[in-house]
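J.: This is the content of run.cif (mmCIF, C-alpha atoms):
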```
data_entry
#
loop_
_atom_site.label_atom_id
_atom_site.label_comp_id
_atom_site.auth_asym_id
_atom_site.auth_seq_id
_atom_site.Cartn_x
_atom_site.Cartn_y
_atom_site.Cartn_z
CA MET A 958 62.30 -55.38 -26.48
CA LYS A 959 65.41 -54.39 -24.56
CA GLU A 960 66.15 -51.77 -27.18
CA HIS A 961 62.63 -50.45 -26.81
CA LEU A 962 63.03 -50.24 -23.05
CA GLY A 963 66.18 -48.21 -23.52
CA LEU A 964 64.45 -45.83 -25.89
CA LEU A 965 61.49 -45.60 -23.51
CA TRP A 966 63.81 -44.57 -20.66
CA VAL A 967 65.49 -41.95 -22.82
CA TYR A 968 62.04 -40.57 -23.61
CA LEU A 969 60.87 -40.59 -19.96
CA GLU A 970 64.06 -38.92 -18.77
CA THR A 971 63.56 -35.98 -21.11
CA THR A 972 59.81 -35.45 -20.74
CA PRO A 973 58.34 -33.62 -17.75
CA LEU A 974 55.49 -36.14 -17.72
CA LEU A 975 57.08 -38.63 -15.32
CA GLY A 976 58.19 -36.16 -12.62
CA LEU A 977 54.84 -34.42 -12.78
CA SER A 978 52.82 -37.64 -12.54
CA ILE A 979 54.73 -39.17 -9.63
CA THR A 980 54.45 -35.88 -7.68
CA LEU A 981 50.65 -35.89 -8.03
CA ILE A 982 50.40 -39.61 -7.26
CA ALA A 983 52.64 -39.40 -4.18
CA TYR A 984 50.69 -36.41 -2.83
CA GLN A 985 47.31 -38.07 -3.31
CA PHE A 986 48.60 -41.21 -1.65
CA GLY A 987 49.78 -39.03 1.26
CA ALA A 988 46.34 -37.40 1.47
CA TRP A 989 44.72 -40.84 1.52
CA VAL A 990 46.99 -42.05 4.34
CA SER A 991 46.35 -38.81 6.25
CA ARG A 992 42.56 -39.31 6.01
CA ARG A 993 42.86 -42.89 7.22
CA ALA A 994 45.02 -41.73 10.14
CA GLY A 995 42.21 -39.38 11.21
CA GLY A 996 44.17 -36.22 10.45
CA ASN A 997 46.98 -37.02 12.90
CA ALA A 998 49.44 -34.09 12.87
CA LEU A 999 52.37 -36.29 11.93
CA ALA A 1000 50.56 -38.01 9.02
CA SER A 1001 50.86 -34.90 6.85
CA PRO A 1002 50.27 -35.50 3.12
CA VAL A 1003 53.26 -33.29 2.22
CA LEU A 1004 55.61 -35.12 4.57
CA ILE A 1005 54.47 -38.52 3.29
CA ALA A 1006 54.78 -37.44 -0.35
CA ILE A 1007 58.29 -36.03 0.19
CA VAL A 1008 59.54 -39.13 2.00
CA LEU A 1009 58.09 -41.39 -0.71
CA LEU A 1010 59.60 -39.39 -3.57
CA VAL A 1011 63.01 -39.08 -1.89
CA CYS A 1012 63.07 -42.88 -1.41
CA LEU A 1013 62.01 -43.40 -5.02
CA LEU A 1014 64.74 -41.12 -6.36
CA LEU A 1015 67.38 -42.73 -4.13
CA ILE A 1016 66.37 -46.27 -5.12
CA THR A 1017 66.28 -45.53 -8.86
CA GLY A 1018 69.38 -43.33 -8.66
CA THR A 1019 67.55 -40.48 -10.38
CA PRO A 1020 69.19 -37.07 -9.93
CA TYR A 1021 67.01 -34.34 -8.42
CA ASP A 1022 67.45 -32.17 -11.53
CA VAL A 1023 65.83 -34.82 -13.72
CA TYR A 1024 62.88 -35.10 -11.33
CA PHE A 1025 62.56 -31.33 -11.10
CA GLN A 1026 62.23 -30.94 -14.87
CA GLY A 1027 58.74 -32.36 -14.45
CA ALA A 1028 57.98 -31.14 -10.94
CA GLN A 1029 58.81 -27.53 -11.84
CA TYR A 1030 55.32 -27.09 -13.29
CA VAL A 1031 53.83 -27.72 -9.85
CA HIS A 1032 56.55 -25.63 -8.23
CA PHE A 1033 55.83 -22.68 -10.52
CA LEU A 1034 52.30 -22.34 -9.12
CA LEU A 1035 53.75 -21.34 -5.72
CA GLY A 1036 54.19 -17.76 -7.00
CA PRO A 1037 50.58 -17.12 -8.06
CA ALA A 1038 49.38 -19.06 -4.98
CA THR A 1039 51.34 -16.71 -2.72
CA VAL A 1040 49.73 -13.72 -4.43
CA ALA A 1041 46.32 -15.41 -3.99
CA LEU A 1042 46.79 -15.37 -0.19
CA ALA A 1043 45.58 -11.76 -0.45
CA VAL A 1044 42.01 -13.03 -0.95
CA PRO A 1045 41.58 -14.84 2.42
CA MET A 1046 43.45 -11.92 4.05
CA TYR A 1047 40.88 -9.52 2.63
CA ALA A 1048 38.10 -11.70 4.05
CA ASN A 1049 39.64 -11.07 7.50
CA LEU A 1050 39.92 -7.31 7.02
CA ARG A 1051 37.22 -6.55 9.62
CA ASN A 1052 38.95 -8.71 12.24
CA ILE A 1053 42.28 -7.03 11.45
CA ARG A 1054 40.88 -3.53 11.89
CA ARG A 1055 39.09 -4.34 15.14
CA ALA A 1056 42.06 -5.86 16.96
CA ALA A 1057 44.91 -4.19 15.06
CA HIS A 1058 46.31 -2.56 18.21
CA ALA A 1059 46.93 -6.03 19.68
CA ILE A 1060 47.53 -8.12 16.57
CA LEU A 1061 50.46 -6.24 15.08
CA PRO A 1062 52.65 -6.04 18.22
CA ALA A 1063 51.89 -9.68 19.08
CA ILE A 1064 52.85 -10.97 15.62
CA LEU A 1065 55.90 -8.72 15.42
CA ALA A 1066 57.21 -9.87 18.81
CA GLY A 1067 56.45 -13.56 18.25
CA SER A 1068 57.95 -13.51 14.78
CA ALA A 1069 61.13 -11.75 15.90
CA VAL A 1070 61.61 -14.03 18.92
CA ALA A 1071 61.13 -17.16 16.80
CA ALA A 1072 63.55 -16.02 14.06
CA VAL A 1073 66.23 -14.68 16.42
CA SER A 1074 66.13 -17.67 18.78
CA ALA A 1075 66.23 -20.10 15.85
CA MET A 1076 69.33 -18.46 14.39
CA LEU A 1077 71.18 -17.97 17.69
CA ILE A 1078 70.52 -21.46 19.05
CA ALA A 1079 71.58 -23.12 15.80
CA GLN A 1080 74.71 -20.97 15.56
CA TRP A 1081 75.57 -21.58 19.21
CA LEU A 1082 75.26 -25.36 18.73
CA GLY A 1083 77.58 -25.23 15.76
CA ALA A 1084 75.32 -25.28 12.71
CA THR A 1085 76.80 -24.02 9.45
CA ARG A 1086 75.91 -20.62 8.01
CA ALA A 1087 73.62 -22.03 5.30
CA VAL A 1088 71.61 -23.99 7.89
CA VAL A 1089 71.37 -21.02 10.28
CA LEU A 1090 70.08 -18.76 7.49
CA SER A 1091 67.64 -21.40 6.23
CA LEU A 1092 66.20 -21.71 9.75
CA ALA A 1093 65.52 -17.97 10.08
CA PRO A 1094 62.28 -17.77 8.03
CA LYS A 1095 60.91 -21.20 9.04
CA SER A 1096 57.80 -19.86 10.82
CA VAL A 1097 56.11 -18.56 7.68
CA THR A 1098 54.31 -20.21 4.82
CA THR A 1099 56.62 -22.19 2.50
CA PRO A 1100 56.68 -20.01 -0.63
CA ILE A 1101 57.65 -16.94 1.38
CA ALA A 1102 60.15 -18.84 3.53
CA MET A 1103 61.85 -20.29 0.46
CA GLY A 1104 62.10 -16.90 -1.18
CA VAL A 1105 63.51 -15.28 1.96
CA ALA A 1106 65.98 -18.11 2.64
CA GLU A 1107 67.38 -17.89 -0.86
CA GLN A 1108 67.65 -14.13 -0.62
CA ILE A 1109 69.69 -14.13 2.60
CA GLY A 1110 72.07 -16.93 1.60
CA GLY A 1111 70.26 -20.04 2.84
CA GLN A 1112 68.96 -23.00 0.84
CA ALA A 1113 65.37 -22.96 -0.45
CA SER A 1114 65.08 -26.74 -0.16
CA LEU A 1115 66.34 -26.76 3.45
CA ALA A 1116 63.93 -23.94 4.28
CA ALA A 1117 61.03 -25.94 2.78
CA VAL A 1118 61.82 -28.88 5.05
CA PHE A 1119 62.34 -26.68 8.14
CA VAL A 1120 58.99 -24.99 7.50
CA LEU A 1121 57.30 -28.36 7.36
CA LEU A 1122 58.98 -29.59 10.57
CA THR A 1123 58.12 -26.32 12.34
CA GLY A 1124 54.47 -26.75 11.37
CA LEU A 1125 54.41 -30.27 12.79
CA ALA A 1126 56.25 -29.19 15.97
CA GLY A 1127 53.87 -26.24 16.43
CA SER A 1128 50.79 -28.44 16.01
CA VAL A 1129 51.99 -30.83 18.66
CA MET A 1130 53.24 -28.15 21.11
CA LEU A 1131 50.39 -25.60 20.87
CA ALA A 1132 48.03 -27.13 23.45
CA PRO A 1133 50.71 -27.95 26.07
CA THR A 1134 52.43 -24.53 25.84
CA MET A 1135 49.09 -22.69 26.14
CA ARG A 1136 48.09 -24.78 29.16
CA LEU A 1137 51.47 -24.23 30.77
CA THR A 1138 51.31 -20.44 30.38
CA ASN A 1139 47.61 -20.24 31.27
CA ILE A 1140 46.53 -18.61 28.01
CA THR A 1141 42.82 -19.22 27.42
CA SER A 1142 41.85 -16.78 24.67
CA TRP A 1143 41.06 -18.54 21.38
CA ARG A 1144 42.11 -15.46 19.45
CA ALA A 1145 45.53 -15.71 21.12
CA HIS A 1146 45.75 -19.46 20.40
CA GLY A 1147 44.96 -18.89 16.73
CA LEU A 1148 47.28 -15.94 16.31
CA ALA A 1149 50.14 -17.88 17.93
CA ALA A 1150 49.53 -20.93 15.73
CA GLY A 1151 49.57 -18.84 12.55
CA THR A 1152 52.57 -16.74 13.59
CA ALA A 1153 54.87 -19.47 14.91
CA ALA A 1154 53.79 -22.45 12.82
CA HIS A 1155 51.83 -21.13 9.77
CA GLY A 1156 49.18 -23.19 7.97
CA ILE A 1157 49.88 -26.60 9.45
CA ALA A 1158 49.23 -25.49 13.05
CA THR A 1159 46.40 -23.20 11.93
CA ALA A 1160 44.64 -26.14 10.29
CA ARG A 1161 44.89 -27.96 13.65
CA VAL A 1162 43.54 -25.09 15.73
CA LEU A 1163 40.72 -24.52 13.23
CA LEU A 1164 39.39 -27.98 14.14
CA LEU A 1165 39.02 -26.80 17.75
CA ASN A 1166 37.62 -23.29 17.29
CA GLU A 1167 36.57 -21.23 14.29
CA THR A 1168 37.65 -17.84 15.70
CA ALA A 1169 41.07 -19.29 16.39
CA GLY A 1170 41.20 -20.46 12.78
CA ALA A 1171 40.34 -17.01 11.43
CA PHE A 1172 43.06 -15.38 13.55
CA GLY A 1173 45.49 -18.08 12.45
CA GLY A 1174 44.80 -17.30 8.80
CA LEU A 1175 45.28 -13.64 9.47
CA ALA A 1176 48.60 -14.26 11.23
CA ILE A 1177 49.90 -16.40 8.34
CA GLY A 1178 49.44 -13.55 5.89
CA LEU A 1179 50.67 -10.74 8.12
CA ASN A 1180 53.65 -12.67 9.44
CA GLY A 1181 54.57 -13.64 5.90
CA ILE A 1182 54.91 -9.99 4.99
CA ILE A 1183 56.55 -9.00 8.29
CA THR A 1184 59.08 -11.84 8.00
CA ALA A 1185 59.92 -11.01 4.39
CA VAL A 1186 60.87 -7.50 5.50
CA MET A 1187 62.31 -8.19 8.96
CA VAL A 1188 64.27 -11.45 8.65
CA PRO A 1189 66.77 -10.19 6.04
CA LEU A 1190 67.56 -7.27 8.35
CA LEU A 1191 67.85 -9.50 11.46
CA ALA A 1192 70.03 -11.96 9.57
CA ARG A 1193 72.39 -9.21 8.42
CA LEU A 1194 72.54 -7.87 11.98
CA LEU A 1195 73.11 -11.21 13.77
CA ILE A 1196 74.90 -13.43 11.29
CA GLY A 1197 76.63 -10.83 9.15
CA MET B 630 39.15 -18.29 -13.87
CA LEU B 631 41.22 -16.92 -16.75
CA PRO B 632 40.90 -13.19 -15.88
CA SER B 633 41.76 -13.89 -12.24
CA LEU B 634 44.72 -16.11 -13.08
CA THR B 635 45.97 -13.37 -15.39
CA LEU B 636 45.63 -10.81 -12.60
CA LEU B 637 47.52 -13.08 -10.16
CA LEU B 638 50.35 -13.51 -12.66
CA ILE B 639 50.47 -9.78 -13.42
CA CYS B 640 50.67 -8.95 -9.69
CA GLN B 641 53.52 -11.43 -9.33
CA LEU B 642 55.25 -10.09 -12.43
CA ILE B 643 55.07 -6.49 -11.21
CA GLY B 644 56.29 -7.72 -7.80
CA GLU B 645 59.28 -9.52 -9.34
CA ILE B 646 60.16 -6.52 -11.53
CA LEU B 647 59.87 -3.96 -8.71
CA THR B 648 61.84 -5.98 -6.14
CA ARG B 649 64.66 -6.42 -8.66
CA LEU B 650 64.69 -2.85 -9.92
CA MET B 651 64.56 -1.36 -6.45
CA GLY B 652 66.74 -4.02 -4.81
CA LEU B 653 64.09 -4.76 -2.17
CA PRO B 654 64.90 -7.59 0.27
CA LEU B 655 61.48 -9.16 -0.40
CA PRO B 656 60.39 -12.11 -2.57
CA GLY B 657 58.55 -10.88 -5.69
CA PRO B 658 55.35 -12.87 -4.96
CA VAL B 659 55.08 -11.25 -1.50
CA LEU B 660 55.05 -7.80 -3.06
CA GLY B 661 52.51 -9.25 -5.52
CA LEU B 662 50.38 -10.25 -2.53
CA VAL B 663 50.52 -6.71 -1.17
CA LEU B 664 49.59 -5.30 -4.60
CA LEU B 665 46.59 -7.64 -4.93
CA PHE B 666 45.53 -6.81 -1.36
CA ALA B 667 45.60 -3.09 -2.18
CA TRP B 668 43.68 -3.75 -5.39
CA LEU B 669 41.03 -5.72 -3.47
CA ILE B 670 40.61 -2.87 -0.97
CA ALA B 671 40.31 -0.38 -3.83
CA ARG B 672 37.70 -2.55 -5.59
CA GLY B 673 35.75 -3.36 -2.41
CA GLY B 674 36.59 -7.06 -2.44
CA PRO B 675 37.20 -9.97 -4.83
CA ASP B 676 34.59 -10.88 -7.44
CA SER B 677 33.29 -14.45 -7.58
CA ASP B 678 35.79 -15.36 -10.32
CA MET B 679 38.74 -14.29 -8.17
CA ARG B 680 37.29 -15.97 -5.08
CA GLY B 681 36.90 -19.23 -6.99
CA THR B 682 40.39 -19.11 -8.51
CA ALA B 683 42.08 -18.25 -5.21
CA THR B 684 40.16 -20.96 -3.34
CA GLY B 685 41.07 -23.52 -6.00
CA LEU B 686 44.78 -22.63 -5.90
CA LEU B 687 44.95 -22.49 -2.11
CA ARG B 688 42.95 -25.68 -1.51
CA HIS B 689 45.92 -27.69 -2.80
CA LEU B 690 48.56 -25.28 -1.54
CA SER B 691 50.47 -27.99 0.28
CA LEU B 692 50.90 -30.00 -2.94
CA LEU B 693 52.92 -27.08 -4.31
CA PHE B 694 55.56 -27.54 -1.56
CA VAL B 695 56.37 -31.10 -2.60
CA PRO B 696 58.87 -30.46 -5.44
CA ALA B 697 60.93 -28.07 -3.28
CA GLY B 698 60.67 -30.40 -0.30
CA VAL B 699 62.03 -33.30 -2.35
CA GLY B 700 65.05 -31.05 -2.91
CA VAL B 701 66.06 -32.09 0.60
CA ILE B 702 67.62 -35.06 -1.19
CA THR B 703 70.46 -32.73 -2.17
CA GLN B 704 70.89 -31.77 1.51
CA LEU B 705 70.83 -35.17 3.23
CA ASP B 706 74.52 -34.85 4.19
CA THR B 707 73.88 -31.51 5.88
CA LEU B 708 70.85 -32.83 7.76
CA GLY B 709 72.76 -35.92 8.87
CA ARG B 710 75.67 -33.83 10.11
CA GLU B 711 73.69 -31.04 11.76
CA TRP B 712 70.56 -32.81 13.00
CA PHE B 713 71.22 -31.84 16.61
CA PRO B 714 71.43 -28.02 16.30
CA ILE B 715 68.55 -28.15 13.81
CA THR B 716 66.26 -30.14 16.11
CA VAL B 717 66.96 -28.05 19.22
CA SER B 718 66.65 -24.79 17.29
CA LEU B 719 63.34 -25.81 15.68
CA LEU B 720 61.70 -27.02 18.90
CA VAL B 721 62.82 -24.20 21.20
CA SER B 722 62.20 -21.33 18.75
CA THR B 723 58.74 -22.65 17.83
CA ALA B 724 57.73 -22.96 21.50
CA LEU B 725 59.04 -19.44 22.23
CA GLY B 726 57.23 -18.01 19.19
CA LEU B 727 53.94 -19.59 20.27
CA ILE B 728 54.19 -18.37 23.87
CA VAL B 729 55.31 -14.80 23.09
CA THR B 730 52.63 -14.25 20.43
CA ALA B 731 49.78 -15.71 22.49
CA TRP B 732 50.81 -14.02 25.74
CA LEU B 733 51.10 -10.56 24.16
CA MET B 734 47.85 -10.99 22.21
CA GLN B 735 45.88 -12.00 25.31
CA ARG B 736 47.45 -9.19 27.30
CA LEU B 737 46.72 -6.46 24.73
CA ALA B 738 43.35 -7.66 23.39
CA GLY B 739 41.90 -8.90 26.65
CA PRO B 740 39.65 -11.94 26.95
CA ASP B 741 37.60 -13.09 23.93
CA ASP B 742 34.08 -11.65 23.55
CA ASP B 743 32.67 -15.17 23.44
CA THR B 744 34.67 -16.66 26.33
CA PRO B 745 32.39 -17.23 29.35
#
```
Would you kindly transcribe this structure into structure tokens?

T.:
Amino acid sequence: MKEHLGLLWVYLETTPLLGLSITLIAYQFGAWVSRRAGGNALASPVLIAIVLLVCLLLITGTPYDVYFQGAQYVHFLLGPATVALAVPMYANLRNIRRAAHAILPAILAGSAVAAVSAMLIAQWLGATRAVVLSLAPKSVTTPIAMGVAEQIGGQASLAAVFVLLTGLAGSVMLAPTMRLTNITSWRAHGLAAGTAAHGIATARVLLLNETAGAFGGLAIGLNGIITAVMVPLLARLLIG
Amino acid sequence: MLPSLTLLLICQLIGEILTRLMGLPLPGPVLGLVLLFAWLIARGGPDSDMRGTATGLLRHLSLLFVPAGVGVITQLDTLGREWFPITVSLLVSTALGLIVTAWLMQRLAGPDDDTP
């Protein structure tokens, strides 16, 4: 029996089956908890799944590389999924054309302010170079942020976590900041949510108003492209 | 589903090849997104197969972040050491991003058509 257990472990360590299965299980558990919590911004399925899996790996002493051998099949789909973002963007084409004169400057300014302030504050408070550069693209959707972070000398995994935390922070701060600055337009709320805190905050604002949701979706796509072009230049300029 | 998935992969592939060949500071999939967007404009929109495939992939988009997110396990030391600059930077820059975007949008676009 003991011998069999040993052989079983050798098998499980080399097959992608285990890493793949626990990723799907952890995520669905997170989604279940999130539903039971009534969609509370902090009960995010991704956050729950990541915390669970990190604990599991730490407890069993499994190296990340072993886990990733299985999880890479899920990870791979990020590429095609990023390309697929073109479809919802196309659905918003009419909205883009009608308000283009306002949308582009607003996203550009918001995106630049978020990236520059994130880098400068972190650098000023003594963060290391890798952390500063991983913070720069945190406002955009994860696949783009990870790609950009890696390209400019940050860490993709740090960027993924910063993106997640930014989304949660944005969801919580959207209503208070808008009230404080007296901004009432739903289009502005949505555009801000999508620009500064991507899909997580957009999903929140969509619950309140459909127009805001559409503008959020639009901002996610446009800011993704703007950030991919602008952040490497800003990083080179500011961090060197 | 198969034709659309093929098209998505081809767009990504061309994106990866072009960004590498031309040394563009842009992730390959993002260029793939732009290519697909241009293709959709040229074709007058996605067909039902592409709409279905994209919706299916994007419905579970957040699942796809999990493997990379778990990678934070390799960065726990960094997070433990630098939690303070990280927290301040995240909170302040997100608030600034929200305010600047919304303020400029409301200023340039005016009030919503449907706001009383």

J.: Within 10 Å of stretch 1109-1119 of chain A, counting only C-alpha atoms, which residues qualify if same-chain residues fewer than 3 places away don't, as a ChimeraX atom specification?

T.: /A:1004,1007,1086-1096,1098-1106,1122-1125,1188-1190,1192-1193 /B:654,694-705,707-708,715-716,719

J.: Translate the PyMOL selection byres ((chain A and resi 981) around 12), as applied to the file shown, into an explicit residue set as a PyMOL selection string.

T.: (chain A and resi 974-980+982-988+1002-1003+1006-1007+1009-1010+1027-1028+1030-1032) or (chain B and resi 689+691-696)

J.: Would you work out the distance separating atom CA of B:Phe666 from atom CA of A:Leu1175, expressed in Å to one decimal?

T.: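 Distance reported for this atom pair: 12.8 Å.
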
J.: Of the candidates A:Gly1178, A:Pro1020, A:Pro1045, A:Gly1067, which one gets nearest to chain B if we count only C-alpha atoms?

T.: A:Gly1067

J.: Would you kindly identify which residues have an atom no farther than 10 Å from (52.6, -15.7, 7.2), using all atoms listed in the file and the file's own coordinates, and write them out as an mmCIF file with C-alpha atoms, in the frame of the given file?

T.:
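Contents of the output file result.cif:
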```cif
data_model
loop_
_atom_site.group_PDB
_atom_site.id
_atom_site.type_symbol
_atom_site.label_atom_id
_atom_site.label_comp_id
_atom_site.auth_asym_id
_atom_site.auth_seq_id
_atom_site.Cartn_x
_atom_site.Cartn_y
_atom_site.Cartn_z
ATOM 1 C CA LEU A 1042 46.790 -15.370 -0.190
ATOM 2 C CA ILE A 1064 52.850 -10.970 15.620
ATOM 3 C CA SER A 1068 57.950 -13.510 14.780
ATOM 4 C CA PRO A 1094 62.280 -17.770 8.030
ATOM 5 C CA SER A 1096 57.800 -19.860 10.820
ATOM 6 C CA VAL A 1097 56.110 -18.560 7.680
ATOM 7 C CA THR A 1098 54.310 -20.210 4.820
ATOM 8 C CA THR A 1099 56.620 -22.190 2.500
ATOM 9 C CA PRO A 1100 56.680 -20.010 -0.630
ATOM 10 C CA ILE A 1101 57.650 -16.940 1.380
ATOM 11 C CA ALA A 1102 60.150 -18.840 3.530
ATOM 12 C CA GLY A 1151 49.570 -18.840 12.550
ATOM 13 C CA THR A 1152 52.570 -16.740 13.590
ATOM 14 C CA ALA A 1153 54.870 -19.470 14.910
ATOM 15 C CA ALA A 1154 53.790 -22.450 12.820
ATOM 16 C CA HIS A 1155 51.830 -21.130 9.770
ATOM 17 C CA GLY A 1156 49.180 -23.190 7.970
ATOM 18 C CA GLY A 1173 45.490 -18.080 12.450
ATOM 19 C CA GLY A 1174 44.800 -17.300 8.800
ATOM 20 C CA LEU A 1175 45.280 -13.640 9.470
ATOM 21 C CA ALA A 1176 48.600 -14.260 11.230
ATOM 22 C CA ILE A 1177 49.900 -16.400 8.340
ATOM 23 C CA GLY A 1178 49.440 -13.550 5.890
ATOM 24 C CA LEU A 1179 50.670 -10.740 8.120
ATOM 25 C CA ASN A 1180 53.650 -12.670 9.440
ATOM 26 C CA GLY A 1181 54.570 -13.640 5.900
ATOM 27 C CA ILE A 1182 54.910 -9.990 4.990
ATOM 28 C CA ILE A 1183 56.550 -9.000 8.290
ATOM 29 C CA THR A 1184 59.080 -11.840 8.000
ATOM 30 C CA ALA A 1185 59.920 -11.010 4.390
#
```

J.: Draw an axis-aligned box over all listed atoms of stretch 689-700 of chain B, pad each side with 6 Å, and write its centre and edge lengths in Å, one decimal, as AutoDock Vina command-line options.

T.:
```
--center_x 55.5 --center_y -29.3 --center_z -2.6 --size_x 31.1 --size_y 20.0 --size_z 17.7
```

J.: Using only C-alpha atoms, which of B:Leu653, B:Ile646, B:Cys640, B:Gln735 sits nearest B:Trp668?

T.: B:Cys640

J.: Would you mind telling me which residue in A:Leu965, A:Ala1038, A:Leu1061, A:Ile1196 lies nearest to chain B when using all atoms listed in the file?

T.: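 Among the listed residues, A:Ala1038 lies closest to chain B.
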
J.: Near stretch 1072-1083 of chain A, within 6 Å and counting only C-alpha atoms, which residues show up once chain neighbours fewer than 2 positions away are dropped, as a ChimeraX atom specification?

T.: /A:1069-1070,1089,1093 /B:714,718,722

J.: Go through A:Leu1050, A:Val1129, A:Ile1140, A:Ala994 one by one, measure the shortest atom-to-atom distance of each to A:Arg1161 using all atoms listed in the file, and give the residue with the smallest value.

T.: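 When distances to A:Arg1161 are compared using all atoms listed in the file, the smallest one comes from A:Val1129.
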
J.: May I have the residues within 9 Å of B:Pro658 as a compact mmCIF listing (two decimals) with C-alpha atoms, in the coordinates of the input, using all atoms listed in the file and disregarding those fewer than 3 positions away in the same chain?

T.:
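Writing the result to selection-v5.txt gives the following:
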```txt
# COMPACT_ATOMS: atom_id res chain seq x y z
CA LEU A 1035 53.75 -21.34 -5.72
CA GLY A 1036 54.19 -17.76 -7.00
CA PRO A 1037 50.58 -17.12 -8.06
CA ALA A 1038 49.38 -19.06 -4.98
CA THR A 1039 51.34 -16.71 -2.72
CA VAL A 1040 49.73 -13.72 -4.43
CA PRO A 1100 56.68 -20.01 -0.63
CA ILE A 1101 57.65 -16.94 1.38
CA GLY A 1104 62.10 -16.90 -1.18
CA CYS B 640 50.67 -8.95 -9.69
CA GLN B 641 53.52 -11.43 -9.33
CA LEU B 642 55.25 -10.09 -12.43
CA ILE B 643 55.07 -6.49 -11.21
CA GLY B 644 56.29 -7.72 -7.80
CA GLU B 645 59.28 -9.52 -9.34
CA LEU B 655 61.48 -9.16 -0.40
CA GLY B 661 52.51 -9.25 -5.52
CA LEU B 662 50.38 -10.25 -2.53
CA VAL B 663 50.52 -6.71 -1.17
```

J.: Could you tell me how far atom CA of B:Leu727 lies from atom CA of A:Arg1136, in Å and to one decimal?

T.: 11.8 Å

J.: Grab the atom CA of B:Val721 to atom CA of A:Asn1166 distance for me, in Å with one decimal place.

T.: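 Pair atom CA of B:Val721 / atom CA of A:Asn1166 returns 25.5 Å.
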